[in-house]
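Peer 1: Pasting upload-v8.csv below, which is CSV, C-alpha atoms (C1' of nucleotides).
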chain,number,residue,atom,x,y,z
C,1,MET,CA,0.0,0.0,0.0
C,2,GLU,CA,2.6,2.5,-1.0
C,3,ASN,CA,0.5,4.5,-3.3
C,4,LYS,CA,-0.9,7.5,-1.8
C,5,LEU,CA,-2.1,10.8,-3.3
C,6,ILE,CA,-3.5,13.9,-1.7
C,7,VAL,CA,-5.4,16.3,-3.9
C,8,ILE,CA,-6.1,19.8,-2.9
C,9,VAL,CA,-8.7,21.7,-4.9
C,10,GLY,CA,-10.4,25.0,-4.5
C,11,PRO,CA,-11.0,28.3,-6.1
C,12,ASN,CA,-8.5,31.0,-6.9
C,13,ALA,CA,-7.1,32.7,-3.9
C,14,SER,CA,-8.5,30.2,-1.4
C,15,GLY,CA,-5.0,29.4,0.0
C,16,LYS,CA,-4.4,26.0,-1.6
C,17,SER,CA,-0.6,26.5,-1.9
C,18,ASP,CA,-0.2,27.3,1.7
C,19,ILE,CA,-2.2,24.3,2.9
C,20,ALA,CA,-0.3,22.1,0.5
C,21,VAL,CA,3.0,23.2,2.0
C,22,ARG,CA,1.8,22.6,5.5
C,23,ILE,CA,0.7,19.1,4.8
C,24,ALA,CA,3.9,18.4,2.9
C,25,LEU,CA,6.0,19.6,5.9
C,26,ARG,CA,3.9,17.7,8.4
C,27,PHE,CA,3.7,14.4,6.6
C,28,GLY,CA,6.6,14.4,4.2
C,29,GLY,CA,5.2,15.3,0.9
C,30,GLU,CA,6.0,17.0,-2.4
C,31,VAL,CA,3.7,19.3,-4.2
C,32,ILE,CA,2.7,18.8,-7.8
C,33,SER,CA,1.0,21.9,-9.2
C,34,ALA,CA,-2.1,21.5,-11.2
C,35,ASP,CA,-2.4,24.9,-12.8
C,36,SER,CA,-2.6,25.6,-16.5
C,37,ARG,CA,-0.9,28.9,-16.3
C,38,GLN,CA,1.8,28.2,-13.7
C,39,VAL,CA,3.3,25.7,-16.0
C,40,TYR,CA,4.7,28.6,-18.1
C,41,LYS,CA,8.0,30.2,-17.5
C,42,GLY,CA,7.9,33.9,-16.9
C,43,MET,CA,4.3,33.9,-15.7
C,44,ASP,CA,4.8,34.2,-12.0
C,45,ILE,CA,3.0,37.1,-10.5
C,46,GLY,CA,0.0,37.0,-12.7
C,47,SER,CA,-0.5,33.3,-12.3
C,48,GLY,CA,0.0,33.5,-8.5
C,49,LYS,CA,2.9,31.1,-8.5
C,50,ILE,CA,4.2,30.2,-5.1
C,51,LYS,CA,7.5,32.0,-4.2
C,52,LYS,CA,10.6,30.1,-3.4
C,53,SER,CA,10.6,31.4,0.1
C,54,GLU,CA,7.0,30.2,0.6
C,55,MET,CA,7.8,26.7,-0.4
C,56,LYS,CA,9.8,26.3,2.8
C,57,GLY,CA,12.0,23.7,1.3
C,58,VAL,CA,9.2,21.5,0.0
C,59,PRO,CA,9.9,20.4,-3.6
C,60,HIS,CA,7.3,21.7,-6.1
C,61,HIS,CA,6.8,20.1,-9.5
C,62,LEU,CA,5.3,21.3,-12.7
C,63,LEU,CA,5.9,25.0,-12.2
C,64,SER,CA,7.7,26.8,-15.0
C,65,VAL,CA,8.1,23.8,-17.2
C,66,ALA,CA,6.9,25.2,-20.5
C,67,ASN,CA,7.7,28.0,-22.8
C,68,PRO,CA,4.7,30.4,-23.0
C,69,LYS,CA,5.2,30.7,-26.7
C,70,SER,CA,4.1,27.2,-27.2
C,71,VAL,CA,0.8,25.7,-26.3
C,72,PHE,CA,0.7,23.5,-23.3
C,73,THR,CA,-2.0,20.8,-23.2
C,74,VAL,CA,-3.8,18.5,-20.8
C,75,THR,CA,-2.2,15.5,-22.3
C,76,ARG,CA,1.3,16.9,-21.7
C,77,TYR,CA,0.2,17.8,-18.3
C,78,ARG,CA,-1.0,14.4,-17.5
C,79,LYS,CA,2.2,12.7,-18.6
C,80,LEU,CA,4.4,15.1,-16.6
C,81,ALA,CA,2.2,14.9,-13.6
C,82,MET,CA,2.0,11.1,-13.6
C,83,SER,CA,5.7,10.8,-13.7
C,84,ALA,CA,6.2,13.4,-11.0
C,85,ILE,CA,3.7,11.5,-8.8
C,86,LYS,CA,5.4,8.2,-9.3
C,87,LYS,CA,8.7,9.6,-8.7
C,88,THR,CA,7.6,11.1,-5.4
C,89,GLN,CA,5.9,7.9,-4.3
C,90,LYS,CA,9.1,5.9,-5.1
C,91,ALA,CA,11.1,8.3,-3.0
C,92,GLY,CA,8.8,7.4,-0.1
C,93,LYS,CA,7.1,10.8,-0.1
C,94,ILE,CA,3.5,11.7,-0.5
C,95,PRO,CA,2.6,13.5,-3.6
C,96,ILE,CA,0.2,16.4,-3.1
C,97,LEU,CA,-1.6,17.4,-6.3
C,98,CYS,CA,-2.6,21.0,-5.8
C,99,GLY,CA,-4.2,23.4,-8.1
C,100,GLY,CA,-7.2,25.1,-9.6
C,101,THR,CA,-7.4,23.6,-13.1
C,102,GLY,CA,-10.1,21.0,-12.7
C,103,PHE,CA,-9.5,19.5,-16.1
C,104,TYR,CA,-5.9,18.8,-15.4
C,105,ILE,CA,-6.7,17.2,-12.0
C,106,GLN,CA,-9.4,15.1,-13.6
C,107,ALA,CA,-7.1,14.0,-16.3
C,108,VAL,CA,-4.7,12.7,-13.6
C,109,ILE,CA,-7.0,11.2,-11.0
C,110,ASP,CA,-9.7,9.9,-13.3
C,111,GLY,CA,-7.2,9.1,-16.0
C,112,ILE,CA,-9.1,10.5,-18.9
C,113,ILE,CA,-7.8,8.9,-22.0
C,114,ILE,CA,-7.7,11.5,-24.7
C,115,PRO,CA,-7.5,10.4,-28.3
C,116,GLN,CA,-3.9,10.3,-29.6
C,117,VAL,CA,-4.5,13.0,-32.1
C,118,LYS,CA,-2.2,15.9,-32.0
C,119,PRO,CA,-3.6,19.4,-32.7
C,120,ASP,CA,-3.5,20.1,-36.3
C,121,TRP,CA,-3.1,23.9,-36.4
C,122,LYS,CA,-3.4,24.2,-40.1
C,123,LEU,CA,-6.7,22.4,-40.0
C,124,ARG,CA,-7.8,24.4,-37.0
C,125,ARG,CA,-7.0,27.7,-38.6
C,126,LYS,CA,-9.1,26.7,-41.6
C,127,LEU,CA,-12.0,25.5,-39.5
C,128,GLU,CA,-12.0,28.5,-37.3
C,129,LYS,CA,-13.4,30.5,-40.1
C,130,PHE,CA,-16.6,28.6,-40.1
C,131,SER,CA,-19.6,29.3,-38.0
C,132,ALA,CA,-20.5,27.0,-35.2
C,133,ASP,CA,-23.6,25.9,-37.1
C,134,LYS,CA,-21.5,25.0,-40.1
C,135,LEU,CA,-19.0,23.1,-38.0
C,136,PHE,CA,-21.8,21.2,-36.3
C,137,ALA,CA,-23.2,20.3,-39.7
C,138,ILE,CA,-19.8,19.0,-40.7
C,139,LEU,CA,-19.4,16.9,-37.6
C,140,LYS,CA,-22.9,15.6,-37.9
C,141,LYS,CA,-22.0,14.1,-41.3
C,142,LEU,CA,-18.6,12.8,-40.1
C,143,ASP,CA,-19.7,11.5,-36.7
C,144,PRO,CA,-23.4,11.6,-35.9
C,145,ASN,CA,-22.8,10.0,-32.6
C,146,ARG,CA,-20.4,12.5,-31.3
C,147,ALA,CA,-22.6,15.2,-32.7
C,148,LYS,CA,-25.3,14.0,-30.4
C,149,ASN,CA,-23.6,14.8,-27.2
C,150,ILE,CA,-21.2,17.6,-28.1
C,151,GLU,CA,-22.0,21.2,-27.4
C,152,SER,CA,-23.3,22.2,-30.8
C,153,LYS,CA,-22.4,25.9,-30.4
C,154,ASN,CA,-18.9,25.5,-29.1
C,155,PRO,CA,-16.5,25.9,-32.1
C,156,ARG,CA,-13.5,24.9,-30.1
C,157,ARG,CA,-14.9,21.5,-29.2
C,158,LEU,CA,-16.5,21.0,-32.6
C,159,ILE,CA,-13.1,21.6,-34.3
C,160,ARG,CA,-11.3,19.2,-32.0
C,161,ALA,CA,-13.9,16.5,-32.8
C,162,ILE,CA,-13.6,17.1,-36.5
C,163,GLU,CA,-9.9,17.0,-36.1
C,164,ILE,CA,-10.0,13.6,-34.5
C,165,VAL,CA,-12.3,12.1,-37.1
C,166,LYS,CA,-10.2,13.5,-40.0
C,167,SER,CA,-7.0,12.3,-38.6
C,168,THR,CA,-8.1,8.8,-37.5
C,169,GLY,CA,-10.7,8.2,-40.2
C,170,LYS,CA,-12.9,6.9,-37.4
C,171,PRO,CA,-15.5,8.4,-35.2
C,172,VAL,CA,-14.5,10.0,-31.9
C,173,PRO,CA,-13.9,7.2,-29.5
C,174,LYS,CA,-16.1,6.9,-26.5
C,175,LEU,CA,-14.5,8.6,-23.4
C,176,LYS,CA,-12.4,6.1,-21.6
C,177,LYS,CA,-11.1,6.5,-18.0
C,178,GLU,CA,-8.4,4.8,-16.1
C,179,PRO,CA,-8.7,6.1,-12.6
C,180,LEU,CA,-5.9,5.8,-10.2
C,181,PRO,CA,-5.9,2.2,-8.8
C,182,TYR,CA,-5.5,3.3,-5.2
C,183,PRO,CA,-7.5,5.5,-2.7
C,184,ILE,CA,-6.9,9.1,-2.8
C,185,LEU,CA,-7.8,12.0,-0.6
C,186,VAL,CA,-9.4,15.0,-2.2
C,187,LEU,CA,-9.5,18.0,0.0
C,188,GLY,CA,-11.7,20.9,-1.2
C,189,ILE,CA,-11.2,24.3,0.3
C,190,LYS,CA,-14.5,26.0,1.0
C,191,LYS,CA,-14.7,29.7,1.6
C,192,SER,CA,-17.7,31.9,2.0
C,193,GLU,CA,-18.5,34.2,-0.9
C,194,LYS,CA,-17.7,37.2,1.3
C,195,GLU,CA,-14.4,35.9,2.4
C,196,LEU,CA,-13.3,34.8,-1.0
C,197,LYS,CA,-14.2,38.1,-2.6
C,198,LYS,CA,-12.1,39.9,0.0
C,199,LEU,CA,-9.2,37.6,-0.6
C,200,ILE,CA,-9.4,38.1,-4.3
C,201,GLU,CA,-9.4,41.9,-3.9
C,202,ARG,CA,-6.5,41.9,-1.6
C,203,ARG,CA,-4.5,39.6,-3.7
C,204,THR,CA,-5.2,41.6,-6.8
C,205,GLU,CA,-3.8,44.7,-5.2
C,206,LYS,CA,-0.9,42.9,-3.9
C,207,ARG,CA,-0.1,41.6,-7.4
C,208,ILE,CA,-0.3,45.0,-8.9
C,209,ARG,CA,2.2,46.3,-6.4
C,210,ALA,CA,4.4,43.3,-7.0
C,211,GLY,CA,4.8,44.3,-10.6
C,212,MET,CA,2.2,42.3,-12.5
C,213,VAL,CA,2.0,44.9,-15.3
C,214,ALA,CA,5.7,44.9,-15.8
C,215,GLU,CA,5.7,41.1,-16.0
C,216,THR,CA,3.2,41.2,-18.8
C,217,ALA,CA,5.3,43.8,-20.6
C,218,ARG,CA,8.2,41.5,-20.3
C,219,LEU,CA,6.2,38.6,-21.8
C,220,LYS,CA,5.3,40.9,-24.7
C,221,LYS,CA,8.8,41.9,-25.2
C,222,SER,CA,9.9,38.3,-25.2
C,223,GLY,CA,7.7,37.7,-28.2
C,224,LEU,CA,4.2,36.9,-27.0
C,225,SER,CA,1.6,38.5,-29.2
C,226,TRP,CA,-1.2,40.6,-27.7
C,227,GLN,CA,-3.5,38.0,-28.9
C,228,LYS,CA,-1.7,35.3,-27.1
C,229,LEU,CA,-1.7,37.3,-23.9
C,230,GLU,CA,-5.4,37.9,-24.5
C,231,GLU,CA,-6.0,34.1,-24.6
C,232,LEU,CA,-4.0,33.6,-21.5
C,233,GLY,CA,-6.9,35.2,-19.7
C,234,LEU,CA,-7.6,37.0,-16.5
C,235,GLU,CA,-4.6,39.0,-15.2
C,236,TYR,CA,-2.7,38.6,-18.5
C,237,ARG,CA,-5.6,39.8,-20.6
C,238,ALA,CA,-6.4,42.7,-18.4
C,239,THR,CA,-2.8,43.9,-18.1
C,240,ALA,CA,-2.3,43.5,-21.8
C,241,ARG,CA,-5.3,45.7,-22.5
C,242,PHE,CA,-4.0,48.3,-20.1
C,243,LEU,CA,-0.5,48.2,-21.7
C,244,GLN,CA,-2.2,48.8,-25.1
C,245,LYS,CA,-4.0,51.8,-23.4
C,246,LYS,CA,-7.3,50.2,-24.1
C,247,THR,CA,-8.3,50.6,-20.5
C,248,THR,CA,-7.3,52.7,-17.5
C,249,ARG,CA,-5.4,51.4,-14.6
C,250,GLU,CA,-8.6,51.5,-12.4
C,251,GLN,CA,-10.6,49.7,-15.0
C,252,MET,CA,-7.9,47.0,-15.2
C,253,ILE,CA,-7.9,46.5,-11.5
C,254,GLU,CA,-11.7,46.3,-11.4
C,255,THR,CA,-11.7,43.9,-14.3
C,256,ILE,CA,-9.3,41.6,-12.6
C,257,LYS,CA,-11.2,41.5,-9.4
C,258,LYS,CA,-14.4,40.8,-11.2
C,259,GLU,CA,-13.1,38.2,-13.5
C,260,ASP,CA,-11.1,36.4,-10.8
C,261,TRP,CA,-14.4,36.1,-9.0
C,262,GLN,CA,-16.2,34.7,-12.1
C,263,TYR,CA,-13.4,32.3,-12.5
C,264,ALA,CA,-13.6,31.2,-8.9
C,265,LYS,CA,-17.2,30.4,-9.4
C,266,ARG,CA,-16.5,28.4,-12.5
C,267,GLN,CA,-13.9,26.4,-10.5
C,268,MET,CA,-16.4,25.8,-7.8
C,269,THR,CA,-18.9,24.6,-10.4
C,270,TRP,CA,-16.4,22.1,-11.4
C,271,PHE,CA,-15.1,20.9,-8.0
C,272,LYS,CA,-18.4,20.7,-6.2
C,273,LYS,CA,-19.7,17.9,-8.3
C,274,ASP,CA,-16.9,15.6,-7.3
C,275,PRO,CA,-18.3,13.4,-4.6
C,276,ARG,CA,-14.9,12.5,-3.3
C,277,ALA,CA,-14.1,16.0,-2.1
C,278,ARG,CA,-14.0,16.5,1.6
C,279,TRP,CA,-14.7,20.1,2.2
C,280,ILE,CA,-12.5,21.9,4.7
C,281,LYS,CA,-12.1,25.4,5.9
C,282,THR,CA,-8.8,25.5,7.7
C,283,SER,CA,-5.4,24.0,7.5
C,284,SER,CA,-5.9,22.2,10.7
C,285,GLN,CA,-9.0,20.5,9.3
C,286,ALA,CA,-6.8,19.6,6.3
C,287,ILE,CA,-4.2,18.1,8.6
C,288,LYS,CA,-6.8,16.1,10.5
C,289,SER,CA,-8.3,14.7,7.3
C,290,THR,CA,-4.9,13.8,6.1
C,291,GLN,CA,-4.1,12.0,9.3
C,292,LYS,CA,-7.2,10.0,9.0
C,293,TYR,CA,-6.4,9.2,5.4
C,294,LEU,CA,-2.9,8.1,6.2
C,295,SER,CA,-3.9,6.0,9.2
C,296,ALA,CA,-6.3,4.0,7.1
C,297,PHE,CA,-3.2,2.8,5.2
C,298,GLN,CA,-1.5,1.9,8.5
C,299,GLU,CA,-4.4,-0.2,9.6
C,300,SER,CA,-4.6,-2.0,6.4
C,301,ASN,CA,-0.9,-2.6,6.6
C,302,HIS,CA,-1.3,-4.1,10.0
C,303,ARG,CA,-4.0,-6.3,8.9
C,304,VAL,CA,-1.9,-7.5,6.0
C,305,ASN,CA,1.1,-8.0,8.2
C,306,GLY,CA,-0.9,-9.7,10.9
C,307,ARG,CA,-2.0,-12.5,8.6
Q,1,G,C1',-36.6,82.4,-17.2
Q,2,G,C1',-36.5,80.8,-22.8
Q,3,C,C1',-35.2,77.1,-26.5
Q,4,C,C1',-33.5,72.2,-27.8
Q,5,A,C1',-32.4,67.0,-26.7
Q,6,G,C1',-33.5,63.1,-23.7
Q,7,G,C1',-35.7,60.0,-19.5
Q,8,U,C1',-36.5,51.9,-21.5
Q,9,A,C1',-33.7,46.1,-16.4
Q,10,G,C1',-28.0,47.2,-11.7
Q,11,C,C1',-25.3,49.8,-16.0
Q,12,C,C1',-24.9,51.0,-21.5
Q,13,A,C1',-28.5,50.8,-25.2
Q,14,A,C1',-32.2,49.6,-29.8
Q,15,G,C1',-37.2,50.1,-30.9
Q,16,C,C1',-41.0,55.0,-31.9
Q,17,A,C1',-48.5,52.6,-32.9
Q,18,G,C1',-49.6,46.1,-32.9
Q,19,U,C1',-47.8,44.1,-27.8
Q,20,A,C1',-39.9,45.2,-25.2
Q,21,A,C1',-33.2,43.8,-29.9
Q,22,G,C1',-28.3,43.5,-28.2
Q,23,G,C1',-24.1,44.1,-24.9
Q,24,C,C1',-22.1,44.3,-19.8
Q,25,A,C1',-23.1,42.8,-14.9
Q,26,A,C1',-25.7,39.0,-11.8
Q,27,C,C1',-27.1,33.9,-11.0
Q,28,G,C1',-26.9,28.7,-12.6
Q,29,G,C1',-24.5,25.2,-15.8
Q,30,U,C1',-21.2,22.4,-19.6
Q,31,C,C1',-16.4,20.2,-20.1
Q,32,U,C1',-12.9,13.6,-24.9
Q,33,G,C1',-5.2,17.7,-26.4
Q,34,C,C1',-5.9,25.8,-26.4
Q,35,A,C1',-9.5,24.6,-19.9
Q,36,A,C1',-7.5,31.5,-16.3
Q,37,A,C1',-9.9,29.0,-22.4
Q,38,A,C1',-14.3,28.0,-25.1
Q,39,C,C1',-19.4,27.5,-24.7
Q,40,C,C1',-24.7,27.2,-22.9
Q,41,G,C1',-29.2,28.6,-19.9
Q,42,U,C1',-32.0,32.2,-16.8
Q,43,U,C1',-32.9,37.4,-15.8
Q,44,A,C1',-38.3,44.2,-17.6
Q,45,U,C1',-46.6,41.9,-17.6
Q,46,G,C1',-43.2,46.7,-18.5
Q,47,C,C1',-40.4,51.6,-21.2
Q,48,A,C1',-40.0,59.1,-15.6
Q,49,U,C1',-45.2,60.5,-13.6
Q,50,G,C1',-50.5,61.9,-14.5
Q,51,G,C1',-54.0,62.6,-18.1
Q,52,G,C1',-55.8,62.3,-23.4
Q,53,U,C1',-56.5,60.3,-28.6
Q,54,G,C1',-56.7,55.3,-30.9
Q,55,C,C1',-59.5,48.6,-31.7
Q,56,A,C1',-54.4,48.9,-29.9
Q,57,A,C1',-49.5,53.5,-27.0
Q,58,U,C1',-42.9,52.4,-24.7
Q,59,U,C1',-44.1,54.5,-29.4
Q,60,C,C1',-48.8,60.2,-31.0
Q,61,C,C1',-50.8,64.8,-28.0
Q,62,C,C1',-51.0,67.7,-23.3
Q,63,A,C1',-49.3,68.7,-18.4
Q,64,U,C1',-45.8,67.8,-14.4
Q,65,C,C1',-41.0,66.2,-12.5
Q,66,C,C1',-35.9,65.0,-13.5
Q,67,U,C1',-31.1,65.1,-16.6
Q,68,G,C1',-27.9,67.3,-20.3
Q,69,G,C1',-26.8,71.3,-23.8
Q,70,C,C1',-27.5,76.1,-25.6
Q,71,C,C1',-29.4,81.2,-25.0
Q,72,U,C1',-30.7,85.6,-21.9
Transcribe the structure of this file into structure tokens.
Peer 2:
Amino acid sequence: MENKLIVIVGPNASGKSDIAVRIALRFGGEVISADSRQVYKGMDIGSGKIKKSEMKGVPHHLLSVANPKSVFTVTRYRKLAMSAIKKTQKAGKIPILCGGTGFYIQAVIDGIIIPQVKPDWKLRRKLEKFSADKLFAILKKLDPNRAKNIESKNPRRLIRAIEIVKSTGKPVPKLKKEPLPYPILVLGIKKSEKELKKLIERRTEKRIRAGMVAETARLKKSGLSWQKLEELGLEYRATARFLQKKTTREQMIETIKKEDWQYAKRQMTWFKKDPRARWIKTSSQAIKSTQKYLSAFQESNHRVNGR
RNA sequence: GGCCAGGUAGCCAAGCAGUAAGGCAACGGUCUGCAAAACCGUUAUGCAUGGGUGCAAUUCCCAUCCUGGCCU
């Protein structure tokens, strides 16, 4: 029973990183980040990447592992995360998967098997010109089954489905899952609306002071287009618009606060439907839950040894 | 004080006789390689107020109140 995994989820600004470090220090763990923006190099302040000093010596994986000029994907994430988890386990440490990107976490713990079809950017660029209705019509012809369940007005998903069919010559395979074969602990951080809004506001102001705008300017200088920054979303989109003088500083700050909150809600929508999540409010509750989780392993070990 | 323009959801705003577009915000949701992305759903028995004319008024007329501009 060597395989253990603790997962920490929760909205933006809820204090996940801090709790992860505490658990790691207490029980001997390493943190594996699950954040679709923190994987990029040079995106530190805006993505809320944990600082070296805040890590308190706990190793952190999957931070700053990709060039922001390239597109990082879930599949790549899953590969890297799985290997980091295994490595940590082999070293006798507990991996703590911690982050706000629900899709990435799901890919790891539920083992979503994504069709082995790489993005075909040429095809995508071509298809992007079509309306959602047209794309849906195309998909319906190619793969009526997939068309039945897909969101018929979401170009991004439609294009991917078409891409899969075109590349494999077969319909989009049914979603397959390979969940982790051992019990995991999923801790969800729950904050009241009032509390979370306050945290988001404070954090936004802190980031501005820490030089978030300058960070975006640096990314631009290093070769990221405005459009790419736009797609990165939230703080990067807002600061990019400010740098282009499309908004005032005040508008930028308001936008970030507002959109961070909207994002936090989207995250909660995702996380709250996971029945495994144990909802906690404080780090001491997190530690208690972790203790219980780990002692269950002890007991089963004893039972095994006792026979 | 006079003249002009305008008062439509929390905000911006279209409609200008036939029974309230759209955007933002808010709230809920989706999730098979861009997921901080992309996408979906819900949200005004009512158009400043009071009268009037019409089969019918947010749309026309009158009065009142409010806002902005110009003039004295």
Peer 1: Select from chain C every residue with an atom at most 7 Å from any atom of chain Q, then for each give the shortest pair of atoms and their distance in Å to one decimal, using only C-alpha atoms (C1' of nucleotides), rows by chain and rising number, as CSV.
Peer 2:
residue,atom,partner,partner_atom,distance
C:Val71,CA,Q:C34,C1',6.7
C:Thr73,CA,Q:G33,C1',5.5
C:Val74,CA,Q:G33,C1',5.8
C:Thr75,CA,Q:G33,C1',5.5
C:Phe103,CA,Q:A35,C1',6.4
C:Ile114,CA,Q:U32,C1',5.6
C:Lys118,CA,Q:G33,C1',6.6
C:Pro119,CA,Q:G33,C1',6.7
C:Lys153,CA,Q:C39,C1',6.6
C:Asn154,CA,Q:C39,C1',4.9
C:Arg156,CA,Q:A38,C1',5.9
C:Leu175,CA,Q:U32,C1',5.5
C:Glu231,CA,Q:A37,C1',6.8
C:Leu232,CA,Q:A36,C1',6.6
C:Gly233,CA,Q:A36,C1',5.1
C:Leu234,CA,Q:A36,C1',5.5
Peer 1: List every protein, DNA or RNA residue with an atom no more than 9 Å from (-11.1, 12.6, -5.1) in the file's coordinates, counting only C-alpha atoms (C1' of nucleotides), and format the result as JSON, numbers by chain.
Peer 2: {"C": [6, 7, 109, 110, 183, 184, 185, 186, 187, 274, 275, 276, 277, 278]}
Peer 1: Rank C:Ile85, C:Ile208, C:Ala132, C:Leu180 by their smallest atom-to-atom distance to Arg157 of chain C, using only C-alpha atoms, and report the top residue only.
Peer 2: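 Nearest candidate to Arg157 of chain C out of C:Ile85, C:Ile208, C:Ala132, C:Leu180: C:Ala132.
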Peer 1: Have a look at C:Ala240, C:Ile113, C:Ala161, C:Leu142 and name the one nearest to Lys228 of chain C; count all atoms listed in the file.
Peer 2: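 For Lys228 of chain C, the nearest of the given residues is C:Ala240.
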Peer 1: Would you please work out which residue, of Q:C70, Q:A20, Q:C4, Q:C62, is nearest to A44 of chain Q when using all atoms listed in the file?
Peer 2: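 Counting all atoms listed in the file, the residue closest to A44 of chain Q is Q:A20.
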Peer 1: What would the list of residues within 9 Å of (-0.9, 39.6, -22.6) (file frame) look like as an NGL selection string, if all atoms listed in the file are what count?
Peer 2: :C and (216-217 or 219-220 or 224-233 or 235-241 or 243)
Peer 1: As a list of chain:residue names, please: the residues near segment 27-37 of chain C (cut-off 6 Å, all atoms listed in the file, same-chain neighbours under 6 positions excluded).
Peer 2: C:Ser47, C:Pro59, C:His60, C:His61, C:Leu62, C:Lys93, C:Ile94, C:Pro95, C:Ile96, C:Leu97, C:Cys98, C:Gly99, C:Gly100, C:Thr101
Peer 1: Can you work out the spacing between atom CA of Ile159 of chain C and atom CA of Leu139 of chain C in Å, to one decimal?
Peer 2: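 One can read the atom CA of Ile159 of chain C to atom CA of Leu139 of chain C distance as 8.5 Å.
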Peer 1: Write out as a ChimeraX atom specification which residues come within 12 Å of Val165 of chain C when counting all atoms listed in the file, dropping same-chain ones fewer than 5 positions away.
Peer 2: /C:115-118,120,138-147,158-160,170-173
Peer 1: One decimal, Å: what's the distance from atom C1' of U58 of chain Q over to atom C1' of C27 of chain Q, could you say?
Peer 2: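 Atom C1' of U58 of chain Q sits 27.9 Å away from atom C1' of C27 of chain Q.
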Peer 1: Any idea what's packed within 12 Å of Arg26 of chain C, counting only C-alpha atoms (C1' of nucleotides), ignoring anything in its chain fewer than 5 positions away? Could you give it as a short mmCIF file (atom, residue, chain, number, x, y, z; two decimals) with C-alpha atoms, in the coordinates of the input?
Peer 2:
data_model
loop_
_atom_site.label_atom_id
_atom_site.label_comp_id
_atom_site.auth_asym_id
_atom_site.auth_seq_id
_atom_site.Cartn_x
_atom_site.Cartn_y
_atom_site.Cartn_z
CA ILE C 19 -2.20 24.30 2.90
CA ALA C 20 -0.30 22.10 0.50
CA VAL C 21 3.00 23.20 2.00
CA LYS C 56 9.80 26.30 2.80
CA VAL C 58 9.20 21.50 0.00
CA LYS C 93 7.10 10.80 -0.10
CA ILE C 94 3.50 11.70 -0.50
CA SER C 283 -5.40 24.00 7.50
CA SER C 284 -5.90 22.20 10.70
CA ALA C 286 -6.80 19.60 6.30
CA ILE C 287 -4.20 18.10 8.60
CA LYS C 288 -6.80 16.10 10.50
CA THR C 290 -4.90 13.80 6.10
CA GLN C 291 -4.10 12.00 9.30
CA LEU C 294 -2.90 8.10 6.20
#
Peer 1: With only C-alpha atoms (C1' of nucleotides) as the counted atoms, please give the residues lying no more than 8 Å from Met82 of chain C, apart from itself and same-chain residues fewer than 4 positions off, as a PyMOL selection string.
Peer 2: chain C and resi 78+86+108
Peer 1: What gap, in Å, lies between atom C1' of U64 of chain Q and atom C1' of U49 of chain Q?
Peer 2: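 If I compute the distance from atom C1' of U64 of chain Q to atom C1' of U49 of chain Q, I get 7.4 Å.
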Peer 1: Pick from C:Phe242, C:Gly188, C:Lys194, C:Lys258: nearest to Gly15 of chain C, with only C-alpha atoms counted?
Peer 2: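 For Gly15 of chain C, the nearest of the candidates is C:Gly188.
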